[in-house]
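A.B. asks: Following this line is work_14.pdb, made up of PDB, C-alpha atoms:
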ATOM      1  CA  MET A   1     -36.656  -1.599  32.336
ATOM      2  CA  ASN A   2     -35.601   1.019  29.792
ATOM      3  CA  LYS A   3     -31.998   0.701  30.945
ATOM      4  CA  ALA A   4     -32.123  -3.071  30.490
ATOM      5  CA  ARG A   5     -33.498  -2.671  26.965
ATOM      6  CA  LYS A   6     -30.793  -0.163  26.092
ATOM      7  CA  THR A   7     -28.107  -2.464  27.496
ATOM      8  CA  PHE A   8     -29.426  -5.436  25.527
ATOM      9  CA  ALA A   9     -29.624  -3.372  22.322
ATOM     10  CA  ALA A  10     -26.074  -2.101  22.826
ATOM     11  CA  PHE A  11     -24.817  -5.637  23.417
ATOM     12  CA  ALA A  12     -26.590  -6.947  20.312
ATOM     13  CA  ILE A  13     -25.146  -4.183  18.146
ATOM     14  CA  LEU A  14     -21.677  -4.763  19.609
ATOM     15  CA  VAL A  15     -21.857  -8.487  18.850
ATOM     16  CA  GLY A  16     -22.982  -7.747  15.310
ATOM     17  CA  THR A  17     -20.261  -5.150  14.852
ATOM     18  CA  CYS A  18     -17.585  -7.557  16.019
ATOM     19  CA  ALA A  19     -18.949 -10.600  14.200
ATOM     20  CA  ALA A  20     -19.146  -8.910  10.791
ATOM     21  CA  PRO A  21     -15.436  -8.100  10.409
ATOM     22  CA  MET A  22     -14.496 -11.433  11.960
ATOM     23  CA  ALA A  23     -16.582 -13.301   9.408
ATOM     24  CA  ALA A  24     -15.281 -11.180   6.561
ATOM     25  CA  LEU A  25     -11.668 -11.614   7.562
ATOM     26  CA  GLN A  26     -12.135 -15.314   8.164
ATOM     27  CA  SER A  27     -13.700 -15.845   4.745
ATOM     28  CA  ALA A  28     -11.054 -13.675   3.109
ATOM     29  CA  GLY A  29      -8.317 -15.719   4.724
ATOM     30  CA  GLN A  30      -9.713 -19.141   3.779
ATOM     31  CA  GLU A  31      -7.783 -19.187   0.528
ATOM     32  CA  MET A  32      -4.426 -17.642  -0.232
ATOM     33  CA  VAL A  33      -2.124 -17.707  -3.225
ATOM     34  CA  ASP A  34       1.489 -18.797  -2.968
ATOM     35  CA  GLU A  35       4.470 -17.513  -4.983
ATOM     36  CA  SER A  36       3.780 -19.904  -7.867
ATOM     37  CA  GLY A  37       0.202 -18.674  -8.238
ATOM     38  CA  GLN A  38      -1.416 -21.784  -6.755
ATOM     39  CA  VAL A  39      -4.197 -21.577  -4.201
ATOM     40  CA  VAL A  40      -3.080 -22.619  -0.743
ATOM     41  CA  ASP A  41      -5.456 -23.459   2.096
ATOM     42  CA  GLN A  42      -5.269 -21.167   5.113
ATOM     43  CA  SER A  43      -4.555 -23.988   7.536
ATOM     44  CA  THR A  44      -1.528 -24.953   5.448
ATOM     45  CA  VAL A  45      -0.234 -21.405   5.481
ATOM     46  CA  ALA A  46      -0.819 -21.063   9.221
ATOM     47  CA  SER A  47       1.044 -24.294   9.904
ATOM     48  CA  SER A  48       3.964 -23.156   7.798
ATOM     49  CA  GLY A  49       4.198 -19.909   9.787
ATOM     50  CA  LYS A  50       3.922 -17.534   6.817
ATOM     51  CA  SER A  51       0.598 -15.919   7.724
ATOM     52  CA  GLY A  52      -1.579 -15.425  10.778
ATOM     53  CA  GLY A  53      -4.866 -15.498   8.842
ATOM     54  CA  GLY A  54      -8.218 -14.501  10.228
ATOM     55  CA  PHE A  55      -9.377 -12.031  12.809
ATOM     56  CA  TYR A  56      -8.856 -14.560  15.613
ATOM     57  CA  GLN A  57      -5.156 -14.769  14.801
ATOM     58  CA  ILE A  58      -4.900 -10.973  14.555
ATOM     59  CA  VAL A  59      -6.297 -10.538  18.062
ATOM     60  CA  PHE A  60      -4.787 -13.515  19.885
ATOM     61  CA  GLY A  61      -1.535 -13.549  17.971
ATOM     62  CA  SER A  62      -0.507 -10.047  19.063
ATOM     63  CA  GLY A  63       0.763 -10.994  22.514
ATOM     64  CA  VAL A  64      -0.622 -10.287  25.956
ATOM     65  CA  VAL A  65      -0.389  -6.502  25.589
ATOM     66  CA  GLY A  66      -2.009  -6.660  22.170
ATOM     67  CA  MET A  67      -4.892  -8.770  23.474
ATOM     68  CA  LEU A  68      -5.430  -6.309  26.325
ATOM     69  CA  LEU A  69      -5.528  -3.455  23.836
ATOM     70  CA  TRP A  70      -8.050  -5.288  21.684
ATOM     71  CA  LEU A  71     -10.136  -5.955  24.793
ATOM     72  CA  ALA A  72     -10.000  -2.244  25.622
ATOM     73  CA  LEU A  73     -11.111  -1.432  22.060
ATOM     74  CA  PHE A  74     -14.072  -3.816  22.331
ATOM     75  CA  VAL A  75     -15.073  -2.299  25.668
ATOM     76  CA  ASP A  76     -14.706   1.191  24.205
ATOM     77  CA  ALA A  77     -16.895   0.226  21.247
ATOM     78  CA  GLY A  78     -19.516  -1.268  23.565
ATOM     79  CA  LEU A  79     -19.617   1.853  25.729
ATOM     80  CA  ALA A  80     -19.846   4.094  22.673
ATOM     81  CA  ILE A  81     -22.815   2.090  21.394
ATOM     82  CA  TYR A  82     -24.487   2.138  24.816
ATOM     83  CA  PHE A  83     -24.133   5.893  25.288
ATOM     84  CA  ALA A  84     -25.213   6.526  21.695
ATOM     85  CA  ILE A  85     -28.418   4.528  22.238
ATOM     86  CA  ASP A  86     -29.008   6.144  25.631
ATOM     87  CA  CYS A  87     -28.626   9.688  24.291
ATOM     88  CA  SER A  88     -30.647   8.904  21.160
ATOM     89  CA  ILE A  89     -33.554   7.841  23.362
ATOM     90  CA  LEU A  90     -33.130  10.840  25.655
ATOM     91  CA  ILE A  91     -32.726  13.608  23.078
ATOM     92  CA  LYS A  92     -36.149  13.490  21.483
ATOM     93  CA  PRO A  93     -38.877  16.162  21.449
ATOM     94  CA  GLU A  94     -41.343  13.884  23.238
ATOM     95  CA  LYS A  95     -38.808  13.345  26.037
ATOM     96  CA  LEU A  96     -37.505  16.889  26.470
ATOM     97  CA  MET A  97     -40.697  18.848  25.785
ATOM     98  CA  PRO A  98     -43.752  16.556  26.035
ATOM     99  CA  LYS A  99     -46.735  17.717  23.990
ATOM    100  CA  ARG A 100     -49.019  17.082  26.953
ATOM    101  CA  LEU A 101     -47.057  19.555  29.064
ATOM    102  CA  VAL A 102     -47.028  22.192  26.326
ATOM    103  CA  ASP A 103     -50.799  21.874  25.824
ATOM    104  CA  GLN A 104     -51.545  22.067  29.558
ATOM    105  CA  VAL A 105     -49.324  25.106  30.118
ATOM    106  CA  GLN A 106     -50.708  26.821  27.042
ATOM    107  CA  ALA A 107     -54.280  26.281  28.273
ATOM    108  CA  ALA A 108     -53.414  27.488  31.784
ATOM    109  CA  MET A 109     -51.603  30.591  30.526
ATOM    110  CA  GLY A 110     -54.541  31.343  28.217
ATOM    111  CA  GLU A 111     -56.701  31.565  31.347
ATOM    112  CA  GLY A 112     -54.046  33.474  33.294
ATOM    113  CA  ASP A 113     -53.760  30.639  35.832
ATOM    114  CA  ILE A 114     -50.069  30.441  36.730
ATOM    115  CA  VAL A 115     -50.723  28.019  39.591
ATOM    116  CA  ALA A 116     -52.233  25.474  37.165
ATOM    117  CA  ALA A 117     -49.269  25.961  34.854
ATOM    118  CA  MET A 118     -46.839  25.279  37.715
ATOM    119  CA  GLU A 119     -48.789  22.160  38.699
ATOM    120  CA  ALA A 120     -48.555  20.910  35.121
ATOM    121  CA  CYS A 121     -44.784  21.341  35.276
ATOM    122  CA  GLN A 122     -44.607  19.396  38.535
ATOM    123  CA  ASN A 123     -46.750  16.564  37.149
ATOM    124  CA  THR A 124     -44.684  16.210  33.962
ATOM    125  CA  PRO A 125     -40.944  16.328  34.825
ATOM    126  CA  SER A 126     -38.764  17.181  31.817
ATOM    127  CA  CYS A 127     -36.301  19.771  30.550
ATOM    128  CA  MET A 128     -39.207  21.924  29.401
ATOM    129  CA  SER A 129     -40.908  21.768  32.787
ATOM    130  CA  ASN A 130     -37.668  22.784  34.529
ATOM    131  CA  ILE A 131     -37.307  25.853  32.298
ATOM    132  CA  LEU A 132     -40.961  26.825  32.761
ATOM    133  CA  ALA A 133     -40.805  26.292  36.526
ATOM    134  CA  ALA A 134     -37.740  28.543  36.764
ATOM    135  CA  ALA A 135     -39.694  31.266  34.959
ATOM    136  CA  PHE A 136     -42.853  30.892  37.061
ATOM    137  CA  GLN A 137     -40.872  31.093  40.302
ATOM    138  CA  HIS A 138     -39.840  34.660  39.404
ATOM    139  CA  VAL A 139     -43.147  35.795  37.987
ATOM    140  CA  GLU A 140     -43.560  38.490  40.665
ATOM    141  CA  GLU A 141     -40.141  40.031  40.037
ATOM    142  CA  GLY A 142     -40.735  41.495  36.604
ATOM    143  CA  PHE A 143     -40.308  40.364  33.022
ATOM    144  CA  ASP A 144     -36.572  41.113  32.881
ATOM    145  CA  VAL A 145     -35.918  38.818  35.836
ATOM    146  CA  ILE A 146     -38.082  36.149  34.204
ATOM    147  CA  GLN A 147     -36.005  36.344  31.044
ATOM    148  CA  GLU A 148     -32.797  35.942  33.026
ATOM    149  CA  ALA A 149     -34.270  32.949  34.865
ATOM    150  CA  VAL A 150     -35.290  31.316  31.577
ATOM    151  CA  THR A 151     -31.820  31.864  30.111
ATOM    152  CA  ALA A 152     -30.110  30.435  33.208
ATOM    153  CA  ALA A 153     -32.426  27.406  33.289
ATOM    154  CA  SER A 154     -31.891  26.772  29.565
ATOM    155  CA  ASP A 155     -28.117  26.901  30.006
ATOM    156  CA  LEU A 156     -28.361  24.478  32.926
ATOM    157  CA  GLU A 157     -30.467  21.977  30.968
ATOM    158  CA  GLN A 158     -28.118  22.257  28.007
ATOM    159  CA  GLU A 159     -25.148  21.532  30.260
ATOM    160  CA  LYS A 160     -26.899  18.446  31.653
ATOM    161  CA  LEU A 161     -27.445  17.107  28.143
ATOM    162  CA  MET A 162     -23.870  17.895  27.146
ATOM    163  CA  GLN A 163     -22.562  15.951  30.138
ATOM    164  CA  ARG A 164     -24.390  12.863  28.888
ATOM    165  CA  LEU A 165     -23.211  13.415  25.316
ATOM    166  CA  THR A 166     -19.606  13.977  26.370
ATOM    167  CA  TRP A 167     -19.209  10.263  27.092
ATOM    168  CA  ILE A 168     -19.678   9.509  23.387
ATOM    169  CA  SER A 169     -16.936  12.016  22.619
ATOM    170  CA  VAL A 170     -14.689  10.373  25.223
ATOM    171  CA  CYS A 171     -15.175   6.963  23.575
ATOM    172  CA  SER A 172     -14.456   8.447  20.138
ATOM    173  CA  ASN A 173     -11.199   9.963  21.416
ATOM    174  CA  LEU A 174     -10.100   6.784  23.182
ATOM    175  CA  GLY A 175     -10.434   4.640  20.053
ATOM    176  CA  PRO A 176      -7.567   6.147  18.000
ATOM    177  CA  SER A 177      -5.428   6.473  21.125
ATOM    178  CA  LEU A 178      -5.766   2.777  21.929
ATOM    179  CA  GLY A 179      -5.180   1.905  18.286
ATOM    180  CA  LEU A 180      -2.043   4.031  18.137
ATOM    181  CA  LEU A 181      -0.776   2.453  21.337
ATOM    182  CA  GLY A 182      -1.285  -0.974  19.774
ATOM    183  CA  THR A 183       0.624   0.090  16.682
ATOM    184  CA  VAL A 184       3.487   1.452  18.768
ATOM    185  CA  GLN A 185       3.585  -1.761  20.791
ATOM    186  CA  GLY A 186       3.684  -3.838  17.605
ATOM    187  CA  MET A 187       6.457  -1.740  16.093
ATOM    188  CA  ILE A 188       8.491  -2.067  19.299
ATOM    189  CA  LEU A 189       8.224  -5.850  19.102
ATOM    190  CA  THR A 190       9.152  -5.742  15.419
ATOM    191  CA  PHE A 191      12.299  -3.731  16.000
ATOM    192  CA  GLN A 192      13.204  -5.941  18.937
ATOM    193  CA  ALA A 193      12.992  -8.922  16.581
ATOM    194  CA  LEU A 194      15.216  -7.100  14.085
ATOM    195  CA  ALA A 195      17.723  -6.333  16.818
ATOM    196  CA  THR A 196      17.933  -9.991  17.781
ATOM    197  CA  GLY A 197      18.657 -11.119  14.231
ATOM    198  CA  GLY A 198      15.155 -11.738  12.939
ATOM    199  CA  ALA A 199      15.627  -9.779   9.733
ATOM    200  CA  GLY A 200      15.760 -12.919   7.654
ATOM    201  CA  ASP A 201      12.135 -13.875   8.248
ATOM    202  CA  ALA A 202      10.419 -11.127   6.267
ATOM    203  CA  ALA A 203       7.029 -12.851   6.428
ATOM    204  CA  ALA A 204       7.064 -12.917  10.230
ATOM    205  CA  LEU A 205       8.045  -9.248  10.387
ATOM    206  CA  ALA A 206       5.311  -8.297   7.920
ATOM    207  CA  ASN A 207       2.807 -10.270   9.973
ATOM    208  CA  SER A 208       3.841  -8.448  13.163
ATOM    209  CA  ILE A 209       3.544  -5.049  11.485
ATOM    210  CA  GLY A 210       0.161  -6.018  10.027
ATOM    211  CA  GLN A 211      -1.143  -7.028  13.450
ATOM    212  CA  ALA A 212       0.048  -3.707  14.863
ATOM    213  CA  LEU A 213      -1.685  -1.703  12.146
ATOM    214  CA  TRP A 214      -4.933  -3.593  12.685
ATOM    215  CA  THR A 215      -5.278  -2.009  16.128
ATOM    216  CA  THR A 216      -5.151   1.449  14.536
ATOM    217  CA  ALA A 217      -7.822   0.375  12.071
ATOM    218  CA  GLY A 218      -9.923  -0.925  14.951
ATOM    219  CA  GLY A 219      -9.574   2.361  16.810
ATOM    220  CA  LEU A 220     -10.667   4.336  13.746
ATOM    221  CA  ILE A 221     -13.635   2.015  13.221
ATOM    222  CA  VAL A 222     -14.768   2.902  16.742
ATOM    223  CA  SER A 223     -13.928   6.595  16.487
ATOM    224  CA  ILE A 224     -15.491   7.624  13.163
ATOM    225  CA  PRO A 225     -19.095   6.512  13.896
ATOM    226  CA  SER A 226     -18.830   7.825  17.468
ATOM    227  CA  ILE A 227     -17.793  11.295  16.311
ATOM    228  CA  THR A 228     -20.611  11.344  13.756
ATOM    229  CA  VAL A 229     -23.208  10.332  16.337
ATOM    230  CA  PHE A 230     -21.856  12.794  18.895
ATOM    231  CA  TYR A 231     -22.098  15.854  16.650
ATOM    232  CA  SER A 232     -25.473  14.779  15.296
ATOM    233  CA  LEU A 233     -26.966  14.376  18.781
ATOM    234  CA  ARG A 234     -25.288  17.544  20.038
ATOM    235  CA  ASN A 235     -26.782  19.637  17.249
ATOM    236  CA  ASN A 236     -30.178  18.047  17.828
ATOM    237  CA  ALA A 237     -29.952  18.831  21.549
ATOM    238  CA  ASN A 238     -29.012  22.458  20.884
ATOM    239  CA  ARG A 239     -31.950  22.857  18.489
ATOM    240  CA  LEU A 240     -34.361  21.437  21.055
ATOM    241  CA  ILE A 241     -33.018  23.709  23.802
ATOM    242  CA  LEU A 242     -33.475  26.761  21.588
ATOM    243  CA  ARG A 243     -36.967  25.592  20.677
ATOM    244  CA  MET A 244     -37.911  25.095  24.325
ATOM    245  CA  THR A 245     -36.594  28.555  25.204
ATOM    246  CA  ALA A 246     -38.581  30.138  22.375
ATOM    247  CA  VAL A 247     -41.783  28.319  23.368
ATOM    248  CA  THR A 248     -41.296  29.358  27.006
ATOM    249  CA  MET A 249     -40.874  33.011  26.050
ATOM    250  CA  GLU A 250     -44.023  32.786  23.938
ATOM    251  CA  PHE A 251     -45.949  31.603  26.970
ATOM    252  CA  LEU A 252     -44.491  34.371  29.118
ATOM    253  CA  ASN A 253     -45.022  37.232  26.684
ATOM    254  CA  GLY A 254     -48.475  37.687  28.166
ATOM    255  CA  LEU A 255     -46.886  38.469  31.542
ATOM    256  CA  ARG A 256     -45.300  41.715  30.366
ATOM    257  CA  ASN A 257     -48.219  43.768  31.684
ATOM    258  CA  VAL A 258     -49.589  41.326  34.224
ATOM    259  CA  GLU A 259     -49.776  41.777  37.981
ATOM    260  CA  VAL A 260     -50.083  38.801  40.281
ATOM    261  CA  SER A 261     -52.714  38.983  42.982
ATOM    262  CA  GLY A 262     -52.253  37.503  46.429
ATOM    263  CA  GLU A 263     -49.154  36.988  48.553
ATOM    264  CA  GLU A 264     -48.305  33.632  46.990
ATOM    265  CA  GLY A 265     -48.853  34.711  43.417
ATOM    266  CA  GLY A 266     -52.209  32.970  42.947
ATOM    267  CA  GLU A 267     -53.706  33.923  39.607
ATOM    268  CA  ALA A 268     -52.302  36.413  37.156
ATOM    269  CA  VAL A 269     -54.546  39.431  36.622
ATOM    270  CA  ALA A 270     -54.283  41.836  33.684
TER     271      ALA A 270
END
Rewrite the structure of this file - the entire thing - as structure tokens.
C.D. replies:
Amino acid sequence: MNKARKTFAAFAILVGTCAAPMAALQSAGQEMVDESGQVVDQSTVASSGKSGGGFYQIVFGSGVVGMLLWLALFVDAGLAIYFAIDCSILIKPEKLMPKRLVDQVQAAMGEGDIVAAMEACQNTPSCMSNILAAAFQHVEEGFDVIQEAVTAASDLEQEKLMQRLTWISVCSNLGPSLGLLGTVQGMILTFQALATGGAGDAAALANSIGQALWTTAGGLIVSIPSITVFYSLRNNANRLILRMTAVTMEFLNGLRNVEVSGEEGGEAVA
């Protein structure tokens, strides 16, 4: 259910992101001025072959390769939005370190009941519970071993979060690459037209170059927000991991001089 909501939200944002520049470009291209300073309707200009006009013409007037590149940019933008929403929902304090878990473990550790603390971790799966469980599993091996277990578990949870976040970075890197490829493709077609004697039609050449440059602009439009979101979520994730590690060590400070009774490590005894 959560995945369906995230997918729908990503799709809605993608549609809005695509519709806004299309509407702006379409409205901007409704009226144009000719050489004599008179206003010329866009349909007249399009029929005369002097201008493509509108976002539709920019996308579908760039050839088969250009349309494929624009499709790839739209897909890249959609994936970037999806992963951004997914990671934004995931990287929250209530998801990574639920208050209920912290309160239960704190109460159990206050009573010296490690078994109850471990049960609380099992009943509330999260990054915090994984770090605490790793510490409790080594409670009989000394505080130094517990610290090493906490550090290893924290690094593992951080790596898991980074693997999810990396997809946003991948989308941000693909955007400019696809845009540059579109620009190169457009310049190749332009120079091919020049080589075949098309130098006389300056308007057509300018239109081809403009369509090529639009793909670079599209790639940057995808890349810049993606990079911003990636670094913001990454820093937030690192802060939460450090916070969880600090809270875990606070809980375990009472085990410095504690011995565990029983073969299975029942209750901690001072």
A.B. asks: When distances are computed from only C-alpha atoms, which of A:Leu178, A:Val115, A:Val150, A:Met109 shows the smallest separation from Cys127 in chain A?
C.D. replies: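 Selected residue with least distance to Cys127 in chain A: A:Val150.
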A.B. asks: So which one's closest to Asp113 in chain A, A:Ala149, A:Phe251, A:Met244, A:Ile89? Using all atoms listed in the file, please.
C.D. replies: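 Of A:Ala149, A:Phe251, A:Met244, A:Ile89, the one nearest Asp113 in chain A is A:Phe251, counting all atoms listed in the file.
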A.B. asks: Kindly give the distance, in Å, that separates CA of Arg234 in chain A and CA of Thr216 in chain A, rounded to a single decimal.
C.D. replies: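 So the answer is 26.4 Å.
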A.B. asks: Which value, in Å to one decimal, gives the distance between CA of Thr215 in chain A and CA of Gln163 in chain A?
C.D. replies: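 These two atoms are separated by 28.6 Å.
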A.B. asks: I need the output of the PyMOL selection byres ((chain A and resi 117) around 9) for this file as a PyMOL selection string; which residues are they?
C.D. replies: chain A and resi 101+104-109+113-116+118-122+132-133+136
A.B. asks: Can you tell me which residues surround Leu73 in chain A at a distance of at most 12 Å, considering only C-alpha atoms, apart from same-chain residues fewer than 6 positions away, and format the answer as a PyMOL selection string?
C.D. replies: chain A and resi 14+18+59+66-67+79-80+171-182+214-223
A.B. asks: How far is it from CA of Tyr231 in chain A to CA of Ile81 in chain A, in Å with one decimal?
C.D. replies: 14.6 Å
A.B. asks: From the list A:Ile146, A:Ala152, A:Val184, A:Ala84, which residue is nearest Ile227 in chain A when using only C-alpha atoms?
C.D. replies: A:Ala84
A.B. asks: My list of candidates is A:Gly142, A:Pro93, A:Gly110, A:Pro98. Which is closest to Ser129 in chain A when distances are computed with all atoms listed in the file?
C.D. replies: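 Among the listed residues, A:Pro98 lies closest to Ser129 in chain A.
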A.B. asks: Step by step, work through what the PyMOL selection byres ((chain A and resi 232) around 12) selects in the shown file, and finish by giving those residues as a PDB file with C-alpha atoms, keeping the file's coordinate frame.
C.D. replies:
ATOM      1  CA  ALA A  84     -25.213   6.526  21.695  1.00  0.00           C
ATOM      2  CA  CYS A  87     -28.626   9.688  24.291  1.00  0.00           C
ATOM      3  CA  SER A  88     -30.647   8.904  21.160  1.00  0.00           C
ATOM      4  CA  ILE A  91     -32.726  13.608  23.078  1.00  0.00           C
ATOM      5  CA  LEU A 165     -23.211  13.415  25.316  1.00  0.00           C
ATOM      6  CA  ILE A 168     -19.678   9.509  23.387  1.00  0.00           C
ATOM      7  CA  SER A 169     -16.936  12.016  22.619  1.00  0.00           C
ATOM      8  CA  PRO A 225     -19.095   6.512  13.896  1.00  0.00           C
ATOM      9  CA  SER A 226     -18.830   7.825  17.468  1.00  0.00           C
ATOM     10  CA  ILE A 227     -17.793  11.295  16.311  1.00  0.00           C
ATOM     11  CA  THR A 228     -20.611  11.344  13.756  1.00  0.00           C
ATOM     12  CA  VAL A 229     -23.208  10.332  16.337  1.00  0.00           C
ATOM     13  CA  PHE A 230     -21.856  12.794  18.895  1.00  0.00           C
ATOM     14  CA  TYR A 231     -22.098  15.854  16.650  1.00  0.00           C
ATOM     15  CA  LEU A 233     -26.966  14.376  18.781  1.00  0.00           C
ATOM     16  CA  ARG A 234     -25.288  17.544  20.038  1.00  0.00           C
ATOM     17  CA  ASN A 235     -26.782  19.637  17.249  1.00  0.00           C
ATOM     18  CA  ASN A 236     -30.178  18.047  17.828  1.00  0.00           C
ATOM     19  CA  ALA A 237     -29.952  18.831  21.549  1.00  0.00           C
ATOM     20  CA  ASN A 238     -29.012  22.458  20.884  1.00  0.00           C
ATOM     21  CA  ARG A 239     -31.950  22.857  18.489  1.00  0.00           C
TER      22      ARG A 239
END
